[in-house]
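Peer 1: Mind having a look at this structure? Questions to follow.
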Amino acid sequence: YRTLPSVSEAKLAQALHRLGCAQQLLGKPLEATQSFREAVTIQRRLHPVGHPDLAVSLAVFGGLLSELSSPDAEPMLREAMSMSRQIYAEATDEKVAILERLARHLERQGNVTEAVSLRRECLEMRRAMHAPGHPRSALALVSLCITMEDAGRVLELEPLLQEASELTKNSRFASLWDRAFLSNRLSLLHSQRGEHEKAEAFARENLRIHEALGPDGDIENTRINLATVLYYRGREAQADNRPDEALTILGEAHELAAQIQSERPDWLTCRSALSMGIGRSLVATGESSAAKSAFLESLAVAERNPEGELSRLIAHYTLGGSFPEEPGALDHLREAYRIAVEHLPLEDPDYVNSREALCYLLARRGEVAELEKVRTELL
């Protein structure tokens, strides 16, 4: 193009823009920067008052500079946005793309409030351009949900997540990752509200999606999420005095847990509580031997957890209190009380319960000196 005398500057600028896009895709950002910069220079000379080609080139170039953390990125993207608002009276693909690039840059910079506003504008333009349920509207809605979550605007999020979930289910263009994101967020949202049955449905859907993703799927964490939701559902059943149902739900969670290799402290805390919950359901159904095994498993998991002091306290307290005739019961209660003294304030219910349980069994066993020592420590 440079050597052909008949090629106009406008065509040369377009060729440089396309070259920059190709170089960016090939992972050559510095070469792409040079091509975009030359294209923008020519277009500014040709169109001093703005032009669609200049607006697009500014936006694409600004997006690359944003990825490179250049301070020139935001002024360039804002110029592209301002130009697009003057050029395009109606919603167009080009205008949406320009606003989306600025929104992405603002998200990188932590300015999620303005990014949410831009994402909303992009969604409204997509809705104006396309029929209801169009995949581009669905993806714009997904992007808005992600940005709103980052902005902490959870109360506004549920209806948008529900709508996006329905749209992506019915769209052959929506990626499995989009569907996974939505099902995961809806599961977490319902779980935070205590709506564990609804949370379970979305957690199961999320696991199915990640299984469909094959080696790229995050099976481990989706299993953790489903097992956690099932644990809370089992707790609900226990609180409602439905031990058989609780045992069924917690048993499924336990089977999932057996497939999880993670040693994350938050998961180990849940894993220990899960075995504890199974043990309590077994106690309620009269299966004391199996219950003891579950409590010991809870303790073993807690001991692997560097942040598991409270889990260890509860396991020792439960083993000592549930089986007071066992030879090791007193040692379990002593250890529970020791942990409470080291880690909990005097008014904490777990501190109070562990001390009272230890005092009760010491009195029952005739351990007068140790009983007086515990009572004196409290004073």
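Identifiers in the structure tokens: chain A, B, ... in order shown; residue index from 1 per chain; ligand index from 1 in order shown.
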When you look at stretch 56-69 of chain A with a cut-off of 9 Å (counting only C-alpha atoms), what residues show up, excluding the ones that are within fewer than 5 positions of it in the same chain? I need them as a ChimeraX atom specification.
Peer 2: /A:14,17,20-21,24,29,32-33,36-37,39-40,43,51,74-81,84,94-95,97-99,101-102,104-105,108
Peer 1: Given the selection you just returned, output its residues as a file containing N, CA and C atoms, formatted as a compact mmCIF listing (two decimals), in the first residue's frame.
Peer 2:
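Written out: selection_4.txt:
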```txt
# COMPACT_ATOMS: atom_id res chain seq x y z
N GLN A 14 -6.82 2.47 6.99
CA GLN A 14 -7.60 1.27 7.24
C GLN A 14 -6.71 0.03 7.26
N HIS A 17 -4.79 -0.07 10.46
CA HIS A 17 -5.67 -0.48 11.57
C HIS A 17 -5.85 -2.00 11.58
N GLY A 20 -2.71 -3.65 12.77
CA GLY A 20 -2.59 -3.57 14.23
C GLY A 20 -3.45 -4.61 14.93
N CYS A 21 -4.66 -4.82 14.43
CA CYS A 21 -5.56 -5.83 15.01
C CYS A 21 -4.95 -7.22 14.89
N GLN A 24 -2.03 -7.60 17.27
CA GLN A 24 -2.52 -7.77 18.65
C GLN A 24 -2.96 -9.21 18.88
N PRO A 29 2.07 -6.88 20.96
CA PRO A 29 1.47 -5.60 21.32
C PRO A 29 2.29 -4.38 20.93
N ALA A 32 1.78 -3.80 17.30
CA ALA A 32 0.41 -3.33 17.10
C ALA A 32 0.29 -1.86 17.49
N THR A 33 0.97 -1.47 18.56
CA THR A 33 0.95 -0.08 19.00
C THR A 33 1.46 0.86 17.90
N PHE A 36 -1.28 1.02 15.07
CA PHE A 36 -2.45 1.81 15.48
C PHE A 36 -2.09 3.30 15.56
N ARG A 37 -0.93 3.58 16.10
CA ARG A 37 -0.54 4.99 16.25
C ARG A 37 -0.45 5.68 14.88
N ALA A 39 -2.02 4.72 12.14
CA ALA A 39 -3.37 4.80 11.58
C ALA A 39 -4.13 5.99 12.16
N VAL A 40 -4.03 6.19 13.49
CA VAL A 40 -4.72 7.30 14.15
C VAL A 40 -4.16 8.64 13.67
N GLN A 43 -5.64 9.36 10.30
CA GLN A 43 -7.08 9.66 10.38
C GLN A 43 -7.33 11.03 11.01
N HIS A 51 -14.69 11.24 12.87
CA HIS A 51 -15.16 10.37 11.81
C HIS A 51 -15.35 8.97 12.42
N GLU A 74 -6.94 6.02 28.99
CA GLU A 74 -8.24 6.58 29.33
C GLU A 74 -8.58 7.84 28.53
N PRO A 75 -7.66 8.81 28.37
CA PRO A 75 -8.02 9.97 27.53
C PRO A 75 -8.41 9.56 26.11
N MET A 76 -7.73 8.58 25.56
CA MET A 76 -8.03 8.14 24.20
C MET A 76 -9.40 7.48 24.13
N LEU A 77 -9.71 6.64 25.13
CA LEU A 77 -11.01 5.96 25.15
C LEU A 77 -12.15 6.95 25.37
N ARG A 78 -11.91 7.96 26.20
CA ARG A 78 -12.95 8.97 26.44
C ARG A 78 -13.16 9.82 25.18
N GLU A 79 -12.10 10.10 24.48
CA GLU A 79 -12.25 10.83 23.23
C GLU A 79 -13.07 10.02 22.23
N ALA A 80 -12.79 8.72 22.17
CA ALA A 80 -13.55 7.84 21.28
C ALA A 80 -15.02 7.82 21.66
N MET A 81 -15.31 7.77 22.97
CA MET A 81 -16.70 7.76 23.42
C MET A 81 -17.40 9.06 23.05
N SER A 84 -18.09 9.14 19.40
CA SER A 84 -19.16 8.22 18.99
C SER A 84 -20.54 8.79 19.32
N GLU A 94 -20.89 -0.32 16.51
CA GLU A 94 -19.65 0.42 16.72
C GLU A 94 -19.71 1.24 18.01
N LYS A 95 -20.83 1.89 18.23
CA LYS A 95 -20.98 2.71 19.43
C LYS A 95 -20.93 1.85 20.69
N ALA A 97 -19.47 -1.08 21.01
CA ALA A 97 -18.11 -1.59 21.17
C ALA A 97 -17.19 -0.55 21.80
N ILE A 98 -17.36 0.71 21.41
CA ILE A 98 -16.52 1.79 21.96
C ILE A 98 -16.80 1.97 23.45
N LEU A 99 -18.08 1.99 23.83
CA LEU A 99 -18.43 2.14 25.24
C LEU A 99 -17.97 0.94 26.06
N ARG A 101 -15.34 -0.90 25.54
CA ARG A 101 -13.89 -0.81 25.79
C ARG A 101 -13.57 0.16 26.92
N LEU A 102 -14.28 1.28 26.97
CA LEU A 102 -14.06 2.21 28.07
C LEU A 102 -14.50 1.57 29.39
N ARG A 104 -14.47 -1.59 30.20
CA ARG A 104 -13.44 -2.56 30.62
C ARG A 104 -12.23 -1.85 31.25
N HIS A 105 -11.85 -0.73 30.63
CA HIS A 105 -10.72 0.02 31.19
C HIS A 105 -11.05 0.53 32.60
N ARG A 108 -10.76 -2.16 35.12
CA ARG A 108 -9.36 -2.43 35.48
C ARG A 108 -8.84 -1.39 36.47
```
Peer 1: Hey, what's within 8 Å of stretch 278-284 of chain A if we count only C-alpha atoms and toss same-chain stuff fewer than 5 positions away? As a ChimeraX atom specification, please?
Peer 2: /A:238,243-244,246-247,250-251,290-295
Peer 1: Tell me which protein, DNA and RNA residues are within 12 Å of A:Glu211, counting only C-alpha atoms, leaving out same-chain ones fewer than 3 positions away, and put them as a ChimeraX atom specification.
Peer 2: /A:176-177,180,204-208,214-223
Peer 1: Compile the contact shell of A:Val142 as a PyMOL selection string: residues with an atom at most 12 Å away, counting only C-alpha atoms, same-chain residues fewer than 2 positions apart removed.
Peer 2: chain A and resi 116+119-120+122-123+135-140+144-149+157-168+174-175+177-183+185
Peer 1: Looking at A:Pro71, A:Arg235, A:Ile42, A:Leu344, which one is nearest to A:Gln109, with distances taken over only C-alpha atoms?
Peer 2: A:Pro71
Peer 1: Contacts of A:Glu252 at 10 Å or less, counting only C-alpha atoms, minus same-chain residues fewer than 6 places along, as a ChimeraX atom specification?
Peer 2: /A:226-227,230-231,234
Peer 1: Nearest residue to A:Ser354 out of A:His210, A:His332, A:Arg153, A:Lys373, using only C-alpha atoms?
Peer 2: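 So, comparing all the options, the nearest one is A:His332.
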Peer 1: Set the distance at 8 Å and use only C-alpha atoms: which residues neighbour A:Ile339 once local chain neighbours fewer than 6 positions away are removed? I'd like the list as a PyMOL selection string.
Peer 2: chain A and resi 309-310+313
Peer 1: Using C-alpha atoms, can you write the selected residues to a file as a compact mmCIF listing (two decimals), in the first residue's frame?
Peer 2:
```
# COMPACT_ATOMS: atom_id res chain seq x y z
CA GLU A 309 -9.23 -23.97 66.29
CA LEU A 310 -13.00 -23.61 66.64
CA LEU A 313 -12.94 -27.27 69.99
```
